[in-house]
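The next block is input38.cif, given as mmCIF, N, CA and C atoms.
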```cif
data_target
#
loop_
_atom_site.group_PDB
_atom_site.id
_atom_site.type_symbol
_atom_site.label_atom_id
_atom_site.label_comp_id
_atom_site.auth_asym_id
_atom_site.auth_seq_id
_atom_site.Cartn_x
_atom_site.Cartn_y
_atom_site.Cartn_z
ATOM 1 N N MET K 8 158.777 144.203 193.749
ATOM 2 C CA MET K 8 158.478 143.165 192.779
ATOM 3 C C MET K 8 158.984 143.607 191.412
ATOM 4 N N SER K 9 159.763 142.760 190.748
ATOM 5 C CA SER K 9 160.277 143.111 189.424
ATOM 6 C C SER K 9 159.244 142.756 188.344
ATOM 7 N N ASP K 10 159.402 143.385 187.213
ATOM 8 C CA ASP K 10 158.468 143.189 186.103
ATOM 9 C C ASP K 10 158.726 141.857 185.408
ATOM 10 N N PHE K 11 157.652 141.236 184.905
ATOM 11 C CA PHE K 11 157.751 140.026 184.090
ATOM 12 C C PHE K 11 157.737 140.471 182.638
ATOM 13 N N VAL K 12 158.805 140.200 181.899
ATOM 14 C CA VAL K 12 158.961 140.696 180.533
ATOM 15 C C VAL K 12 159.012 139.513 179.574
ATOM 16 N N VAL K 13 158.232 139.598 178.489
ATOM 17 C CA VAL K 13 158.233 138.582 177.437
ATOM 18 C C VAL K 13 158.685 139.255 176.146
ATOM 19 N N LEU K 14 159.783 138.746 175.563
ATOM 20 C CA LEU K 14 160.283 139.268 174.296
ATOM 21 C C LEU K 14 159.680 138.475 173.138
ATOM 22 N N PRO K 15 159.540 139.090 171.966
ATOM 23 C CA PRO K 15 159.022 138.342 170.819
ATOM 24 C C PRO K 15 160.009 137.259 170.392
ATOM 25 N N LYS K 16 159.484 136.162 169.860
ATOM 26 C CA LYS K 16 160.334 135.060 169.401
ATOM 27 C C LYS K 16 160.977 135.457 168.072
ATOM 28 N N MET K 17 162.289 135.563 168.079
ATOM 29 C CA MET K 17 163.010 136.046 166.902
ATOM 30 C C MET K 17 162.913 135.083 165.720
ATOM 31 N N LYS K 18 162.919 133.778 165.974
ATOM 32 C CA LYS K 18 162.796 132.815 164.876
ATOM 33 C C LYS K 18 161.476 133.008 164.144
ATOM 34 N N ARG K 19 160.424 133.248 164.912
ATOM 35 C CA ARG K 19 159.106 133.439 164.298
ATOM 36 C C ARG K 19 159.064 134.746 163.499
ATOM 37 N N ILE K 20 159.636 135.819 164.051
ATOM 38 C CA ILE K 20 159.639 137.105 163.353
ATOM 39 C C ILE K 20 160.443 136.999 162.062
ATOM 40 N N ILE K 21 161.589 136.309 162.109
ATOM 41 C CA ILE K 21 162.409 136.121 160.905
ATOM 42 C C ILE K 21 161.645 135.306 159.875
ATOM 43 N N MET K 22 160.956 134.248 160.319
ATOM 44 C CA MET K 22 160.170 133.424 159.396
ATOM 45 C C MET K 22 159.052 134.252 158.738
ATOM 46 N N LEU K 23 158.349 135.067 159.530
ATOM 47 C CA LEU K 23 157.276 135.894 158.970
ATOM 48 C C LEU K 23 157.819 136.955 158.013
ATOM 49 N N ALA K 24 158.993 137.514 158.316
ATOM 50 C CA ALA K 24 159.615 138.478 157.409
ATOM 51 C C ALA K 24 159.990 137.791 156.095
ATOM 52 N N PHE K 25 160.521 136.575 156.172
ATOM 53 C CA PHE K 25 160.885 135.830 154.972
ATOM 54 C C PHE K 25 159.653 135.502 154.127
ATOM 55 N N ILE K 26 158.574 135.091 154.775
ATOM 56 C CA ILE K 26 157.327 134.807 154.053
ATOM 57 C C ILE K 26 156.794 136.083 153.403
ATOM 58 N N SER K 27 156.916 137.217 154.093
ATOM 59 C CA SER K 27 156.488 138.495 153.511
ATOM 60 C C SER K 27 157.301 138.821 152.268
ATOM 61 N N ILE K 28 158.610 138.553 152.315
ATOM 62 C CA ILE K 28 159.454 138.785 151.137
ATOM 63 C C ILE K 28 158.984 137.922 149.970
ATOM 64 N N ILE K 29 158.668 136.664 150.253
ATOM 65 C CA ILE K 29 158.202 135.758 149.193
ATOM 66 C C ILE K 29 156.917 136.298 148.557
ATOM 67 N N PHE K 30 155.979 136.781 149.370
ATOM 68 C CA PHE K 30 154.731 137.295 148.822
ATOM 69 C C PHE K 30 154.929 138.615 148.072
ATOM 70 N N VAL K 31 155.858 139.447 148.520
ATOM 71 C CA VAL K 31 156.149 140.685 147.791
ATOM 72 C C VAL K 31 156.739 140.344 146.425
ATOM 73 N N VAL K 32 157.677 139.411 146.386
ATOM 74 C CA VAL K 32 158.277 138.998 145.109
ATOM 75 C C VAL K 32 157.223 138.373 144.208
ATOM 76 N N THR K 33 156.330 137.573 144.774
ATOM 77 C CA THR K 33 155.244 136.976 143.982
ATOM 78 C C THR K 33 154.330 138.060 143.420
ATOM 79 N N GLY K 34 154.011 139.063 144.222
ATOM 80 C CA GLY K 34 153.196 140.179 143.739
ATOM 81 C C GLY K 34 153.876 140.937 142.616
ATOM 82 N N VAL K 35 155.189 141.144 142.734
ATOM 83 C CA VAL K 35 155.940 141.816 141.665
ATOM 84 C C VAL K 35 155.917 140.979 140.398
ATOM 85 N N LEU K 36 156.111 139.666 140.529
ATOM 86 C CA LEU K 36 156.083 138.788 139.356
ATOM 87 C C LEU K 36 154.708 138.784 138.690
ATOM 88 N N ILE K 37 153.654 138.756 139.480
ATOM 89 C CA ILE K 37 152.295 138.797 138.921
ATOM 90 C C ILE K 37 152.071 140.110 138.186
ATOM 91 N N PHE K 38 152.503 141.209 138.800
ATOM 92 C CA PHE K 38 152.313 142.523 138.181
ATOM 93 C C PHE K 38 153.107 142.649 136.885
ATOM 94 N N VAL K 39 154.377 142.234 136.902
ATOM 95 C CA VAL K 39 155.228 142.350 135.719
ATOM 96 C C VAL K 39 154.734 141.429 134.603
ATOM 97 N N ALA K 40 154.258 140.237 134.949
ATOM 98 C CA ALA K 40 153.781 139.289 133.938
ATOM 99 C C ALA K 40 152.535 139.793 133.228
ATOM 100 N N THR K 41 151.758 140.677 133.867
ATOM 101 C CA THR K 41 150.510 141.149 133.264
ATOM 102 C C THR K 41 150.611 142.597 132.781
ATOM 103 N N LEU K 42 151.831 143.134 132.659
ATOM 104 C CA LEU K 42 151.976 144.522 132.210
ATOM 105 C C LEU K 42 151.438 144.738 130.796
ATOM 106 N N ASN K 43 151.654 143.775 129.924
ATOM 107 C CA ASN K 43 151.211 143.927 128.532
ATOM 108 C C ASN K 43 149.795 143.421 128.296
ATOM 109 N N GLU K 44 149.164 142.892 129.325
ATOM 110 C CA GLU K 44 147.796 142.382 129.205
ATOM 111 C C GLU K 44 146.808 143.537 129.193
ATOM 112 N N ALA K 45 145.830 143.428 128.351
ATOM 113 C CA ALA K 45 144.757 144.426 128.320
ATOM 114 C C ALA K 45 143.450 143.725 128.679
ATOM 115 N N GLY K 46 142.488 144.490 129.124
ATOM 116 C CA GLY K 46 141.188 143.919 129.437
ATOM 117 C C GLY K 46 141.015 143.636 130.909
ATOM 118 N N GLY K 47 139.882 143.022 131.217
ATOM 119 C CA GLY K 47 139.489 142.801 132.603
ATOM 120 C C GLY K 47 140.382 141.833 133.351
ATOM 121 N N GLU K 48 140.774 140.737 132.696
ATOM 122 C CA GLU K 48 141.596 139.752 133.388
ATOM 123 C C GLU K 48 142.985 140.307 133.702
ATOM 124 N N GLY K 49 143.571 141.059 132.779
ATOM 125 C CA GLY K 49 144.870 141.676 133.030
ATOM 126 C C GLY K 49 144.793 142.681 134.155
ATOM 127 N N LEU K 50 143.731 143.458 134.184
ATOM 128 C CA LEU K 50 143.542 144.449 135.242
ATOM 129 C C LEU K 50 143.354 143.772 136.598
ATOM 130 N N LEU K 51 142.641 142.643 136.606
ATOM 131 C CA LEU K 51 142.433 141.905 137.850
ATOM 132 C C LEU K 51 143.763 141.425 138.425
ATOM 133 N N PHE K 52 144.609 140.829 137.576
ATOM 134 C CA PHE K 52 145.892 140.322 138.065
ATOM 135 C C PHE K 52 146.842 141.455 138.451
ATOM 136 N N LYS K 53 146.799 142.573 137.731
ATOM 137 C CA LYS K 53 147.609 143.730 138.119
ATOM 138 C C LYS K 53 147.190 144.230 139.495
ATOM 139 N N THR K 54 145.882 144.285 139.731
ATOM 140 C CA THR K 54 145.367 144.731 141.024
ATOM 141 C C THR K 54 145.784 143.773 142.137
ATOM 142 N N ILE K 55 145.691 142.477 141.868
ATOM 143 C CA ILE K 55 146.115 141.481 142.858
ATOM 144 C C ILE K 55 147.600 141.644 143.161
ATOM 145 N N GLY K 56 148.405 141.859 142.123
ATOM 146 C CA GLY K 56 149.839 142.055 142.314
ATOM 147 C C GLY K 56 150.137 143.283 143.150
ATOM 148 N N ILE K 57 149.462 144.389 142.861
ATOM 149 C CA ILE K 57 149.688 145.628 143.609
ATOM 150 C C ILE K 57 149.253 145.468 145.064
ATOM 151 N N ILE K 58 148.105 144.838 145.289
ATOM 152 C CA ILE K 58 147.634 144.619 146.664
ATOM 153 C C ILE K 58 148.623 143.751 147.437
ATOM 154 N N ALA K 59 149.142 142.693 146.799
ATOM 155 C CA ALA K 59 150.114 141.815 147.464
ATOM 156 C C ALA K 59 151.395 142.581 147.793
ATOM 157 N N ILE K 60 151.855 143.410 146.864
ATOM 158 C CA ILE K 60 153.075 144.191 147.099
ATOM 159 C C ILE K 60 152.886 145.153 148.260
ATOM 160 N N VAL K 61 151.773 145.878 148.263
ATOM 161 C CA VAL K 61 151.540 146.886 149.310
ATOM 162 C C VAL K 61 151.327 146.219 150.665
ATOM 163 N N PHE K 62 150.429 145.234 150.735
ATOM 164 C CA PHE K 62 150.100 144.621 152.021
ATOM 165 C C PHE K 62 151.303 143.907 152.629
ATOM 166 N N PHE K 63 151.917 143.016 151.861
ATOM 167 C CA PHE K 63 153.029 142.250 152.412
ATOM 168 C C PHE K 63 154.291 143.101 152.532
ATOM 169 N N GLY K 64 154.395 144.173 151.756
ATOM 170 C CA GLY K 64 155.482 145.119 151.953
ATOM 171 C C GLY K 64 155.365 145.821 153.291
ATOM 172 N N LEU K 65 154.155 146.219 153.663
ATOM 173 C CA LEU K 65 153.935 146.827 154.979
ATOM 174 C C LEU K 65 154.205 145.825 156.101
ATOM 175 N N CYS K 66 153.800 144.559 155.890
ATOM 176 C CA CYS K 66 154.105 143.519 156.882
ATOM 177 C C CYS K 66 155.614 143.364 157.032
ATOM 178 N N LEU K 67 156.341 143.363 155.921
ATOM 179 C CA LEU K 67 157.790 143.235 155.958
ATOM 180 C C LEU K 67 158.425 144.394 156.716
ATOM 181 N N ILE K 68 157.958 145.611 156.475
ATOM 182 C CA ILE K 68 158.473 146.777 157.192
ATOM 183 C C ILE K 68 158.224 146.628 158.688
ATOM 184 N N TYR K 69 157.036 146.163 159.070
ATOM 185 C CA TYR K 69 156.725 145.964 160.483
ATOM 186 C C TYR K 69 157.669 144.935 161.109
ATOM 187 N N TYR K 70 157.880 143.791 160.443
ATOM 188 C CA TYR K 70 158.725 142.743 161.010
ATOM 189 C C TYR K 70 160.184 143.182 161.093
ATOM 190 N N ILE K 71 160.666 143.927 160.107
ATOM 191 C CA ILE K 71 162.029 144.450 160.181
ATOM 192 C C ILE K 71 162.148 145.424 161.344
ATOM 193 N N ASN K 72 161.126 146.246 161.546
ATOM 194 C CA ASN K 72 161.111 147.180 162.673
ATOM 195 C C ASN K 72 161.168 146.421 164.006
ATOM 196 N N VAL K 73 160.422 145.331 164.124
ATOM 197 C CA VAL K 73 160.437 144.516 165.345
ATOM 198 C C VAL K 73 161.827 143.921 165.551
ATOM 199 N N LEU K 74 162.465 143.460 164.471
ATOM 200 C CA LEU K 74 163.795 142.870 164.595
ATOM 201 C C LEU K 74 164.832 143.901 165.026
ATOM 202 N N ILE K 75 164.706 145.118 164.535
ATOM 203 C CA ILE K 75 165.691 146.156 164.850
ATOM 204 C C ILE K 75 165.501 146.698 166.259
ATOM 205 N N LYS K 76 164.258 146.996 166.648
ATOM 206 C CA LYS K 76 164.009 147.666 167.927
ATOM 207 C C LYS K 76 164.076 146.736 169.135
ATOM 208 N N ARG K 77 163.725 145.456 168.976
ATOM 209 C CA ARG K 77 163.769 144.477 170.067
ATOM 210 C C ARG K 77 163.079 144.950 171.339
ATOM 211 N N LYS K 78 161.861 145.473 171.217
ATOM 212 C CA LYS K 78 161.075 145.886 172.376
ATOM 213 C C LYS K 78 160.348 144.675 172.949
ATOM 214 N N PRO K 79 160.049 144.683 174.248
ATOM 215 C CA PRO K 79 159.277 143.585 174.837
ATOM 216 C C PRO K 79 157.866 143.514 174.230
ATOM 217 N N ALA K 80 157.382 142.301 174.046
ATOM 218 C CA ALA K 80 156.031 142.115 173.522
ATOM 219 C C ALA K 80 154.993 142.249 174.634
ATOM 220 N N LEU K 81 155.374 141.872 175.848
ATOM 221 C CA LEU K 81 154.449 141.894 176.976
ATOM 222 C C LEU K 81 155.230 142.192 178.252
ATOM 223 N N ILE K 82 154.689 143.105 179.071
ATOM 224 C CA ILE K 82 155.284 143.424 180.365
ATOM 225 C C ILE K 82 154.172 143.377 181.412
ATOM 226 N N VAL K 83 154.366 142.541 182.423
ATOM 227 C CA VAL K 83 153.438 142.486 183.549
ATOM 228 C C VAL K 83 154.132 143.179 184.721
ATOM 229 N N SER K 84 153.551 144.280 185.183
ATOM 230 C CA SER K 84 154.168 145.061 186.256
ATOM 231 C C SER K 84 153.130 145.371 187.326
ATOM 232 N N GLU K 85 153.545 146.152 188.304
ATOM 233 C CA GLU K 85 152.628 146.550 189.370
ATOM 234 C C GLU K 85 151.544 147.490 188.849
ATOM 235 N N GLU K 86 151.828 148.219 187.765
ATOM 236 C CA GLU K 86 150.828 149.114 187.172
ATOM 237 C C GLU K 86 149.739 148.353 186.426
ATOM 238 N N GLY K 87 150.143 147.276 185.763
ATOM 239 C CA GLY K 87 149.199 146.499 184.966
ATOM 240 C C GLY K 87 149.939 145.681 183.931
ATOM 241 N N ILE K 88 149.265 145.424 182.826
ATOM 242 C CA ILE K 88 149.829 144.629 181.746
ATOM 243 C C ILE K 88 150.009 145.538 180.537
ATOM 244 N N PHE K 89 151.245 145.602 180.025
ATOM 245 C CA PHE K 89 151.530 146.400 178.834
ATOM 246 C C PHE K 89 151.682 145.445 177.662
ATOM 247 N N ASP K 90 150.776 145.569 176.674
ATOM 248 C CA ASP K 90 150.759 144.679 175.509
ATOM 249 C C ASP K 90 151.240 145.436 174.285
ATOM 250 N N ASP K 91 152.358 144.972 173.724
ATOM 251 C CA ASP K 91 152.874 145.510 172.469
ATOM 252 C C ASP K 91 153.249 144.334 171.566
ATOM 253 N N SER K 92 152.419 143.282 171.618
ATOM 254 C CA SER K 92 152.747 142.038 170.930
ATOM 255 C C SER K 92 152.352 142.023 169.465
ATOM 256 N N SER K 93 151.609 143.017 169.015
ATOM 257 C CA SER K 93 151.234 143.066 167.609
ATOM 258 C C SER K 93 151.151 144.523 167.170
ATOM 259 N N PHE K 94 150.835 144.711 165.899
ATOM 260 C CA PHE K 94 150.719 146.068 165.361
ATOM 261 C C PHE K 94 149.621 146.849 166.070
ATOM 262 N N ILE K 95 148.595 146.153 166.524
ATOM 263 C CA ILE K 95 147.486 146.814 167.220
ATOM 264 C C ILE K 95 147.466 146.432 168.697
ATOM 265 N N GLY K 96 148.644 146.447 169.321
ATOM 266 C CA GLY K 96 148.757 146.100 170.736
ATOM 267 C C GLY K 96 147.889 147.005 171.592
ATOM 268 N N ALA K 97 147.415 146.480 172.707
ATOM 269 C CA ALA K 97 146.480 147.211 173.567
ATOM 270 C C ALA K 97 147.153 148.307 174.376
ATOM 271 N N GLY K 98 148.470 148.260 174.511
ATOM 272 C CA GLY K 98 149.151 149.234 175.358
ATOM 273 C C GLY K 98 149.011 148.836 176.815
ATOM 274 N N LEU K 99 148.995 149.818 177.704
ATOM 275 C CA LEU K 99 148.906 149.542 179.137
ATOM 276 C C LEU K 99 147.455 149.330 179.546
ATOM 277 N N VAL K 100 147.193 148.169 180.142
ATOM 278 C CA VAL K 100 145.889 147.863 180.726
ATOM 279 C C VAL K 100 146.117 147.798 182.233
ATOM 280 N N ARG K 101 145.569 148.749 182.945
ATOM 281 C CA ARG K 101 145.791 148.847 184.391
ATOM 282 C C ARG K 101 145.020 147.741 185.118
ATOM 283 N N TRP K 102 145.536 147.356 186.293
ATOM 284 C CA TRP K 102 144.909 146.291 187.077
ATOM 285 C C TRP K 102 143.476 146.652 187.456
ATOM 286 N N GLU K 103 143.191 147.941 187.626
ATOM 287 C CA GLU K 103 141.831 148.365 187.975
ATOM 288 C C GLU K 103 140.832 148.055 186.851
ATOM 289 N N GLU K 104 141.316 147.964 185.626
ATOM 290 C CA GLU K 104 140.455 147.718 184.462
ATOM 291 C C GLU K 104 140.216 146.227 184.220
ATOM 292 N N ILE K 105 140.950 145.366 184.907
ATOM 293 C CA ILE K 105 140.872 143.920 184.689
ATOM 294 C C ILE K 105 139.918 143.306 185.705
ATOM 295 N N GLU K 106 138.894 142.598 185.206
ATOM 296 C CA GLU K 106 137.925 141.945 186.084
ATOM 297 C C GLU K 106 138.376 140.555 186.499
ATOM 298 N N ALA K 107 138.894 139.770 185.551
ATOM 299 C CA ALA K 107 139.269 138.394 185.845
ATOM 300 C C ALA K 107 140.362 137.946 184.884
ATOM 301 N N LEU K 108 141.070 136.904 185.265
ATOM 302 C CA LEU K 108 142.067 136.269 184.418
ATOM 303 C C LEU K 108 141.661 134.822 184.214
ATOM 304 N N ASP K 109 141.658 134.371 182.965
ATOM 305 C CA ASP K 109 141.336 132.984 182.647
ATOM 306 C C ASP K 109 142.461 132.397 181.821
ATOM 307 N N PHE K 110 142.715 131.120 181.997
ATOM 308 C CA PHE K 110 143.678 130.408 181.184
ATOM 309 C C PHE K 110 142.932 129.752 180.029
ATOM 310 N N VAL K 111 143.425 129.986 178.814
ATOM 311 C CA VAL K 111 142.783 129.442 177.617
ATOM 312 C C VAL K 111 143.803 128.623 176.868
ATOM 313 N N ASN K 112 143.427 127.411 176.471
ATOM 314 C CA ASN K 112 144.272 126.559 175.663
ATOM 315 C C ASN K 112 143.883 126.768 174.202
ATOM 316 N N PHE K 113 144.806 127.322 173.419
ATOM 317 C CA PHE K 113 144.525 127.611 172.012
ATOM 318 C C PHE K 113 145.580 126.928 171.155
ATOM 319 N N SER K 114 145.173 125.948 170.384
ATOM 320 C CA SER K 114 146.069 125.187 169.498
ATOM 321 C C SER K 114 147.244 124.583 170.268
ATOM 322 N N GLY K 115 146.984 124.077 171.445
ATOM 323 C CA GLY K 115 148.025 123.442 172.238
ATOM 324 C C GLY K 115 148.984 124.388 172.929
ATOM 325 N N GLN K 116 148.665 125.663 172.942
ATOM 326 C CA GLN K 116 149.559 126.639 173.589
ATOM 327 C C GLN K 116 148.917 127.150 174.867
#
```
Please re-express this file's structure in structure tokens.
Amino acid sequence: MSDFVVLPKMKRIIMLAFISIIFVVTGVLIFVATLNEAGGEGLLFKTIGIIAIVFFGLCLIYYINVLIKRKPALIVSEEGIFDDSSFIGAGLVRWEEIEALDFVNFSGQ
């Protein structure tokens, strides 16, 4: 029996990488616009800018890594199910560990 392999959707990964770029640029603009601001409000916006840059920058790095490596997101094999569909993928889940399979309809998918 051959393995069932599901690759990540490249259009979706490209779209998420582009959105991450937009948020990183927005964070940079927020940070630069409040550089000369003093006081609590300036510090709040600087913090928001830095958080946006760091968080969405890490997301961008992850999506670029997915685009470059092109690893399968899901593999169903005789050993079990290997999940690498997200940053916190479950890895290999052996058939012995699975009690039941259910079909779930989520947002029409």
Which value, in Å to one decimal, gives the distance between CA of Ile88 (chain K) and CA of Phe113 (chain K)?
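Computing it gives 20.3 Å between the two atoms.
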Which residues of region 27-102 of chain K sit at most 5 Å from region 10-15 of chain K, using all atoms listed in the file? Give each one's shortest atom pair and distance in Å (one decimal place), in chain and ascending residue order, as JSON lines.
```
{"residue": "K:Pro79", "atom": "CA", "partner": "K:Leu14", "partner_atom": "CA", "distance": 4.5}
{"residue": "K:Ala80", "atom": "N", "partner": "K:Val13", "partner_atom": "C", "distance": 3.9}
{"residue": "K:Leu81", "atom": "C", "partner": "K:Val13", "partner_atom": "N", "distance": 4.0}
{"residue": "K:Ile82", "atom": "CA", "partner": "K:Phe11", "partner_atom": "C", "distance": 4.5}
{"residue": "K:Val83", "atom": "N", "partner": "K:Phe11", "partner_atom": "C", "distance": 4.0}
{"residue": "K:Ser84", "atom": "CA", "partner": "K:Asp10", "partner_atom": "CA", "distance": 4.7}
```
Please produce an output containing N, CA and C atoms for each residue in the selection, written as a PDB file, keeping the file's coordinate frame.
```pdb
ATOM      1  N   PRO K  79     160.049 144.683 174.248  1.00  0.00           N
ATOM      2  CA  PRO K  79     159.277 143.585 174.837  1.00  0.00           C
ATOM      3  C   PRO K  79     157.866 143.514 174.230  1.00  0.00           C
ATOM      4  N   ALA K  80     157.382 142.301 174.046  1.00  0.00           N
ATOM      5  CA  ALA K  80     156.031 142.115 173.522  1.00  0.00           C
ATOM      6  C   ALA K  80     154.993 142.249 174.634  1.00  0.00           C
ATOM      7  N   LEU K  81     155.374 141.872 175.848  1.00  0.00           N
ATOM      8  CA  LEU K  81     154.449 141.894 176.976  1.00  0.00           C
ATOM      9  C   LEU K  81     155.230 142.192 178.252  1.00  0.00           C
ATOM     10  N   ILE K  82     154.689 143.105 179.071  1.00  0.00           N
ATOM     11  CA  ILE K  82     155.284 143.424 180.365  1.00  0.00           C
ATOM     12  C   ILE K  82     154.172 143.377 181.412  1.00  0.00           C
ATOM     13  N   VAL K  83     154.366 142.541 182.423  1.00  0.00           N
ATOM     14  CA  VAL K  83     153.438 142.486 183.549  1.00  0.00           C
ATOM     15  C   VAL K  83     154.132 143.179 184.721  1.00  0.00           C
ATOM     16  N   SER K  84     153.551 144.280 185.183  1.00  0.00           N
ATOM     17  CA  SER K  84     154.168 145.061 186.256  1.00  0.00           C
ATOM     18  C   SER K  84     153.130 145.371 187.326  1.00  0.00           C
TER      19      SER K  84
END
```
State, in Å with one decimal place, the distance from CA of Glu44 (chain K) to CA of Ile57 (chain K).
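So the two atoms, CA of Glu44 (chain K) and CA of Ile57 (chain K), lie 14.9 Å apart.
Comparing the minimum interatomic distances between Ser9 (chain K) and each of K:Ile105, K:Ala40, K:Phe52, K:Glu85, counting only C-alpha atoms, we find that K:Glu85 sits nearest.
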Distance criterion (only N, CA and C atoms): nearest to Ala24 (chain K) out of K:Tyr69, K:Phe38, K:Phe89, K:Phe62:
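Closest to Ala24 (chain K), using only N, CA and C atoms: K:Tyr69.
On the backbone of this structure, DSSP gives strand (DSSP E) within chain K to Phe11, Val12, Val13, Leu81, Ile82, Val83, Gly87, Ile88, Phe89, Asp90, Gly98, Leu99, Val100 and Arg101 of chain K.
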File dump, residues just selected, N, CA and C atoms, as an mmCIF file, in the frame of the given file:
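Once everything was written out, this is again_32.cif:
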```cif
data_model
loop_
_atom_site.group_PDB
_atom_site.id
_atom_site.type_symbol
_atom_site.label_atom_id
_atom_site.label_comp_id
_atom_site.auth_asym_id
_atom_site.auth_seq_id
_atom_site.Cartn_x
_atom_site.Cartn_y
_atom_site.Cartn_z
ATOM 1 N N PHE K 11 157.652 141.236 184.905
ATOM 2 C CA PHE K 11 157.751 140.026 184.090
ATOM 3 C C PHE K 11 157.737 140.471 182.638
ATOM 4 N N VAL K 12 158.805 140.200 181.899
ATOM 5 C CA VAL K 12 158.961 140.696 180.533
ATOM 6 C C VAL K 12 159.012 139.513 179.574
ATOM 7 N N VAL K 13 158.232 139.598 178.489
ATOM 8 C CA VAL K 13 158.233 138.582 177.437
ATOM 9 C C VAL K 13 158.685 139.255 176.146
ATOM 10 N N LEU K 81 155.374 141.872 175.848
ATOM 11 C CA LEU K 81 154.449 141.894 176.976
ATOM 12 C C LEU K 81 155.230 142.192 178.252
ATOM 13 N N ILE K 82 154.689 143.105 179.071
ATOM 14 C CA ILE K 82 155.284 143.424 180.365
ATOM 15 C C ILE K 82 154.172 143.377 181.412
ATOM 16 N N VAL K 83 154.366 142.541 182.423
ATOM 17 C CA VAL K 83 153.438 142.486 183.549
ATOM 18 C C VAL K 83 154.132 143.179 184.721
ATOM 19 N N GLY K 87 150.143 147.276 185.763
ATOM 20 C CA GLY K 87 149.199 146.499 184.966
ATOM 21 C C GLY K 87 149.939 145.681 183.931
ATOM 22 N N ILE K 88 149.265 145.424 182.826
ATOM 23 C CA ILE K 88 149.829 144.629 181.746
ATOM 24 C C ILE K 88 150.009 145.538 180.537
ATOM 25 N N PHE K 89 151.245 145.602 180.025
ATOM 26 C CA PHE K 89 151.530 146.400 178.834
ATOM 27 C C PHE K 89 151.682 145.445 177.662
ATOM 28 N N ASP K 90 150.776 145.569 176.674
ATOM 29 C CA ASP K 90 150.759 144.679 175.509
ATOM 30 C C ASP K 90 151.240 145.436 174.285
ATOM 31 N N GLY K 98 148.470 148.260 174.511
ATOM 32 C CA GLY K 98 149.151 149.234 175.358
ATOM 33 C C GLY K 98 149.011 148.836 176.815
ATOM 34 N N LEU K 99 148.995 149.818 177.704
ATOM 35 C CA LEU K 99 148.906 149.542 179.137
ATOM 36 C C LEU K 99 147.455 149.330 179.546
ATOM 37 N N VAL K 100 147.193 148.169 180.142
ATOM 38 C CA VAL K 100 145.889 147.863 180.726
ATOM 39 C C VAL K 100 146.117 147.798 182.233
ATOM 40 N N ARG K 101 145.569 148.749 182.945
ATOM 41 C CA ARG K 101 145.791 148.847 184.391
ATOM 42 C C ARG K 101 145.020 147.741 185.118
#
```
Just asking: which residues within chain K are alpha helix (DSSP H) according to DSSP, as a ChimeraX atom specification?
/K:17-40,47-76
Shell of 8 Å around Ile55 (chain K), only N, CA and C atoms, local chain residues under 6 positions omitted, as a list in words
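The contact residues come out as Thr33, Gly34, Val35, Ile37, Phe38, Gly49 and Val61 of chain K.
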